[in-house]
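J.: Input work-v5.cif, format and content: mmCIF, C-alpha atoms.
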data_target
#
loop_
_atom_site.label_atom_id
_atom_site.label_comp_id
_atom_site.auth_asym_id
_atom_site.auth_seq_id
_atom_site.Cartn_x
_atom_site.Cartn_y
_atom_site.Cartn_z
CA MET A 98 96.49 125.15 57.19
CA SER A 99 93.00 125.33 58.52
CA ALA A 100 91.65 121.80 58.16
CA TYR A 101 92.23 119.26 60.90
CA ALA A 102 90.90 115.76 61.35
CA THR A 103 91.57 113.04 63.87
CA LEU A 104 92.46 109.48 63.00
CA ARG A 105 89.22 108.43 64.63
CA GLU A 106 87.27 110.72 62.29
CA LEU A 107 89.16 109.25 59.35
CA GLN A 108 88.36 105.69 60.48
CA GLN A 109 84.68 106.45 61.05
CA ASN A 110 84.02 108.66 58.02
CA ALA A 111 86.88 108.59 55.53
CA ALA A 112 84.77 109.94 52.65
CA ALA A 113 83.87 113.12 54.57
CA VAL A 114 87.47 113.72 55.68
CA LEU A 115 88.74 113.26 52.12
CA GLU A 116 86.06 115.59 50.76
CA THR A 117 87.08 118.22 53.33
CA ALA A 118 90.68 117.86 52.16
CA ARG A 119 89.62 118.34 48.53
CA GLN A 120 87.67 121.51 49.38
CA GLN A 121 90.50 123.25 51.25
CA GLN A 122 92.03 126.33 49.60
CA ASN A 123 95.56 125.02 50.11
CA GLY A 124 94.44 121.42 49.64
CA MET A 125 95.87 120.10 52.90
CA THR A 126 94.33 118.50 55.96
CA LEU A 127 96.37 117.69 59.05
CA LEU A 128 95.60 114.34 60.68
CA THR A 129 96.12 114.13 64.41
CA SER A 130 96.20 111.35 66.96
CA ARG A 131 95.72 112.28 70.61
CA GLY A 132 96.29 115.91 69.67
CA LYS A 133 99.62 115.32 67.95
CA PRO A 134 100.13 115.63 64.18
CA VAL A 135 100.73 112.27 62.48
CA ALA A 136 100.01 112.80 58.77
CA LEU A 137 99.15 115.34 56.16
CA LEU A 138 96.48 114.67 53.56
CA VAL A 139 97.32 116.27 50.23
CA PRO A 140 95.03 115.79 47.23
CA VAL A 141 96.80 114.28 44.21
CA THR A 142 95.71 114.39 40.59
CA ALA A 143 96.98 112.17 37.81
CA GLU A 144 98.97 115.12 36.48
CA SER A 145 100.59 116.01 39.80
CA ALA A 146 101.35 112.53 41.17
CA ASP A 147 104.83 112.16 39.65
CA GLU A 148 105.79 115.74 40.48
CA LEU A 149 104.69 115.33 44.10
CA ALA A 150 106.52 112.00 44.43
CA GLN A 151 109.74 113.58 43.13
CA ALA A 152 109.34 116.57 45.47
CA TRP A 153 108.84 114.20 48.40
CA GLN A 154 111.99 112.27 47.47
CA ARG A 155 113.98 115.52 47.30
CA LEU A 156 112.71 116.53 50.75
CA ARG A 157 113.64 113.14 52.21
CA PHE A 158 117.09 113.32 50.65
CA ALA A 159 117.64 116.84 51.99
CA ALA A 160 116.64 115.71 55.49
CA ALA A 161 118.90 112.66 55.23
CA PHE A 162 121.78 114.85 54.05
CA ARG A 163 121.30 117.21 57.02
CA THR A 164 121.35 114.21 59.35
CA ALA A 165 124.60 112.99 57.79
CA GLN A 166 126.09 116.49 58.13
CA THR A 167 125.11 116.59 61.81
CA GLU A 168 126.64 113.16 62.46
CA LEU A 169 129.82 114.18 60.67
CA ALA A 170 130.03 117.39 62.69
CA GLN A 171 129.81 115.30 65.87
CA THR A 172 132.67 113.06 64.69
CA PRO A 173 135.99 114.02 66.29
CA PRO A 174 138.22 115.93 63.81
CA ALA A 175 140.87 113.22 63.86
CA ARG A 176 138.33 110.67 62.60
CA ARG A 177 136.60 112.85 59.99
CA ARG A 178 139.09 111.92 57.28
CA ALA A 179 138.28 108.29 57.91
CA VAL A 180 134.60 108.77 57.07
CA SER A 181 134.00 106.65 54.01
CA ALA A 182 131.52 107.09 51.21
CA ALA A 183 129.90 103.85 52.35
CA ARG A 184 129.29 105.33 55.81
CA LEU A 185 127.73 108.46 54.30
CA VAL A 186 125.47 106.33 52.09
CA ALA A 187 124.48 104.17 55.08
CA THR A 188 123.74 107.25 57.19
CA THR A 189 121.65 108.75 54.40
CA ARG A 190 119.68 105.54 53.93
CA ARG A 191 119.08 105.23 57.67
CA ALA A 192 117.82 108.81 57.83
CA ARG A 193 115.53 108.26 54.85
CA ARG A 194 113.86 105.32 56.57
CA ALA A 195 113.26 107.31 59.76
#
Translate the structure described by the file into structure tokens.

T.:
Amino acid sequence: MSAYATLRELQQNAAAVLETARQQQNGMTLLTSRGKPVALLVPVTAESADELAQAWQRLRFAAAFRTAQTELAQTPPARRRAVSAARLVATTRRARRA
């Protein structure tokens, strides 16, 4: 990824930042705030919107699942059998919101 923009640049000249994102080879521009990454601009076409949304949902689910696995691994062995489906669903939902 070679394109970077700050939130200030986006606020002051959104059209130029978006045009830079469109012109990138890989199509991505990293937005930063105070030198830290905060967002990724990815151009979307009408054809790719649904596919990108589904890919994003799969990524969020995978991250939520890893979080649930980590929490389960930290649960004492004697209590692991007591982990309910409801707790796994709640953990996954909590991780998805994060």

J.: Rounded to one decimal, what separation in Å do you get between atom CA of A:Leu156 and atom CA of A:Ala187?

T.: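 Atom CA of A:Leu156 sits 17.6 Å away from atom CA of A:Ala187.
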
J.: Work out how far atom CA of A:Leu115 is from atom CA of A:Gly132, in Å to one decimal.

T.: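 Going from atom CA of A:Gly132 over to atom CA of A:Leu115 covers 19.3 Å.
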
J.: Apply the PyMOL selection byres ((chain A and resi 125) around 10) to the displayed file and report the matching residues as a ChimeraX atom specification.

T.: /A:98-101,115,117-124,126-128,137-140

J.: With C-alpha atoms retained, could you export that selection as a CSV table (one decimal), keeping the file's coordinate frame?

T.:
chain,number,residue,atom,x,y,z
A,98,MET,CA,96.5,125.2,57.2
A,99,SER,CA,93.0,125.3,58.5
A,100,ALA,CA,91.6,121.8,58.2
A,101,TYR,CA,92.2,119.3,60.9
A,115,LEU,CA,88.7,113.3,52.1
A,117,THR,CA,87.1,118.2,53.3
A,118,ALA,CA,90.7,117.9,52.2
A,119,ARG,CA,89.6,118.3,48.5
A,120,GLN,CA,87.7,121.5,49.4
A,121,GLN,CA,90.5,123.2,51.2
A,122,GLN,CA,92.0,126.3,49.6
A,123,ASN,CA,95.6,125.0,50.1
A,124,GLY,CA,94.4,121.4,49.6
A,126,THR,CA,94.3,118.5,56.0
A,127,LEU,CA,96.4,117.7,59.0
A,128,LEU,CA,95.6,114.3,60.7
A,137,LEU,CA,99.2,115.3,56.2
A,138,LEU,CA,96.5,114.7,53.6
A,139,VAL,CA,97.3,116.3,50.2
A,140,PRO,CA,95.0,115.8,47.2

J.: Enter the distance from atom CA of A:Arg184 to atom CA of A:Gln151, in Å, rounded to one decimal.

T.: 24.7 Å

J.: Between A:Ala143, A:Ala165, A:Ala170, A:Ala152, which is the closest to A:Ala182 once you count only C-alpha atoms?

T.: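 Checking each of A:Ala143, A:Ala165, A:Ala170, A:Ala152 against A:Ala182, counting only C-alpha atoms, the winner is A:Ala165.
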
J.: Skip A:Thr188 itself and residues of its chain fewer than 5 positions away, then list as a PyMOL selection string all residues within 12 Å of it, counting only C-alpha atoms.

T.: chain A and resi 158+160-169+180-183+193-195

J.: Any chance you could resolve the PyMOL selection byres ((chain A and resi 104) around 12) against this file and give the residues as a PDB file with C-alpha atoms, in the frame of the given file?

T.:
ATOM      1  CA  TYR A 101      92.230 119.260  60.900  1.00  0.00           C
ATOM      2  CA  ALA A 102      90.900 115.760  61.350  1.00  0.00           C
ATOM      3  CA  THR A 103      91.570 113.040  63.870  1.00  0.00           C
ATOM      4  CA  ARG A 105      89.220 108.430  64.630  1.00  0.00           C
ATOM      5  CA  GLU A 106      87.270 110.720  62.290  1.00  0.00           C
ATOM      6  CA  LEU A 107      89.160 109.250  59.350  1.00  0.00           C
ATOM      7  CA  GLN A 108      88.360 105.690  60.480  1.00  0.00           C
ATOM      8  CA  GLN A 109      84.680 106.450  61.050  1.00  0.00           C
ATOM      9  CA  ASN A 110      84.020 108.660  58.020  1.00  0.00           C
ATOM     10  CA  ALA A 111      86.880 108.590  55.530  1.00  0.00           C
ATOM     11  CA  VAL A 114      87.470 113.720  55.680  1.00  0.00           C
ATOM     12  CA  THR A 126      94.330 118.500  55.960  1.00  0.00           C
ATOM     13  CA  LEU A 127      96.370 117.690  59.050  1.00  0.00           C
ATOM     14  CA  LEU A 128      95.600 114.340  60.680  1.00  0.00           C
ATOM     15  CA  THR A 129      96.120 114.130  64.410  1.00  0.00           C
ATOM     16  CA  SER A 130      96.200 111.350  66.960  1.00  0.00           C
ATOM     17  CA  ARG A 131      95.720 112.280  70.610  1.00  0.00           C
ATOM     18  CA  GLY A 132      96.290 115.910  69.670  1.00  0.00           C
ATOM     19  CA  LYS A 133      99.620 115.320  67.950  1.00  0.00           C
ATOM     20  CA  PRO A 134     100.130 115.630  64.180  1.00  0.00           C
ATOM     21  CA  VAL A 135     100.730 112.270  62.480  1.00  0.00           C
ATOM     22  CA  ALA A 136     100.010 112.800  58.770  1.00  0.00           C
ATOM     23  CA  LEU A 137      99.150 115.340  56.160  1.00  0.00           C
ATOM     24  CA  LEU A 138      96.480 114.670  53.560  1.00  0.00           C
TER      25      LEU A 138
END

J.: Could I get stretch 111-176 of chain A from the block written as a CSV table (one decimal), in the first residue's frame, with C-alpha atoms?

T.:
chain,number,residue,atom,x,y,z
A,111,ALA,CA,-12.2,14.8,0.3
A,112,ALA,CA,-12.5,14.9,-3.5
A,113,ALA,CA,-8.7,14.8,-4.0
A,114,VAL,CA,-8.2,12.0,-1.4
A,115,LEU,CA,-10.9,9.9,-3.1
A,116,GLU,CA,-9.4,10.5,-6.5
A,117,THR,CA,-6.0,9.4,-5.2
A,118,ALA,CA,-7.6,6.2,-3.9
A,119,ARG,CA,-9.2,5.5,-7.2
A,120,GLN,CA,-5.9,6.0,-9.0
A,121,GLN,CA,-3.9,3.5,-6.8
A,122,GLN,CA,-2.8,0.3,-8.4
A,123,ASN,CA,-4.1,-1.8,-5.5
A,124,GLY,CA,-7.0,0.6,-5.0
A,125,MET,CA,-6.4,1.3,-1.3
A,126,THR,CA,-5.5,4.4,0.7
A,127,LEU,CA,-4.7,4.2,4.4
A,128,LEU,CA,-6.2,7.0,6.5
A,129,THR,CA,-4.3,8.0,9.5
A,130,SER,CA,-5.0,10.2,12.5
A,131,ARG,CA,-2.0,11.5,14.5
A,132,GLY,CA,0.2,9.0,12.7
A,133,LYS,CA,-1.9,6.0,13.5
A,134,PRO,CA,-4.0,4.0,11.0
A,135,VAL,CA,-7.7,4.5,11.5
A,136,ALA,CA,-9.4,3.5,8.2
A,137,LEU,CA,-8.8,2.0,4.8
A,138,LEU,CA,-10.4,3.5,1.7
A,139,VAL,CA,-11.2,0.9,-0.9
A,140,PRO,CA,-13.0,1.9,-4.1
A,141,VAL,CA,-16.3,0.1,-4.6
A,142,THR,CA,-18.2,-0.4,-7.9
A,143,ALA,CA,-21.8,-1.5,-8.3
A,144,GLU,CA,-20.6,-4.9,-9.3
A,145,SER,CA,-18.2,-5.4,-6.4
A,146,ALA,CA,-20.3,-3.9,-3.5
A,147,ASP,CA,-22.1,-7.1,-2.5
A,148,GLU,CA,-19.0,-9.2,-2.9
A,149,LEU,CA,-17.0,-6.8,-0.7
A,150,ALA,CA,-19.7,-6.7,1.9
A,151,GLN,CA,-19.8,-10.5,2.1
A,152,ALA,CA,-16.0,-10.7,2.4
A,153,TRP,CA,-16.0,-8.1,5.2
A,154,GLN,CA,-18.7,-10.1,7.1
A,155,ARG,CA,-16.6,-13.3,6.7
A,156,LEU,CA,-13.5,-11.4,8.1
A,157,ARG,CA,-15.5,-10.1,11.0
A,158,PHE,CA,-16.9,-13.5,11.8
A,159,ALA,CA,-13.4,-15.1,11.6
A,160,ALA,CA,-12.1,-12.5,14.0
A,161,ALA,CA,-15.0,-13.0,16.3
A,162,PHE,CA,-14.5,-16.8,16.2
A,163,ARG,CA,-10.8,-16.4,17.1
A,164,THR,CA,-11.8,-14.2,20.0
A,165,ALA,CA,-14.3,-16.8,21.2
A,166,GLN,CA,-11.6,-19.5,20.9
A,167,THR,CA,-9.2,-17.4,22.9
A,168,GLU,CA,-11.7,-16.9,25.7
A,169,LEU,CA,-12.6,-20.5,25.7
A,170,ALA,CA,-8.9,-21.5,26.0
A,171,GLN,CA,-8.6,-19.2,29.0
A,172,THR,CA,-11.6,-20.9,30.7
A,173,PRO,CA,-10.5,-23.4,33.3
A,174,PRO,CA,-10.9,-27.0,32.0
A,175,ALA,CA,-13.4,-27.9,34.6
A,176,ARG,CA,-15.7,-25.1,33.4
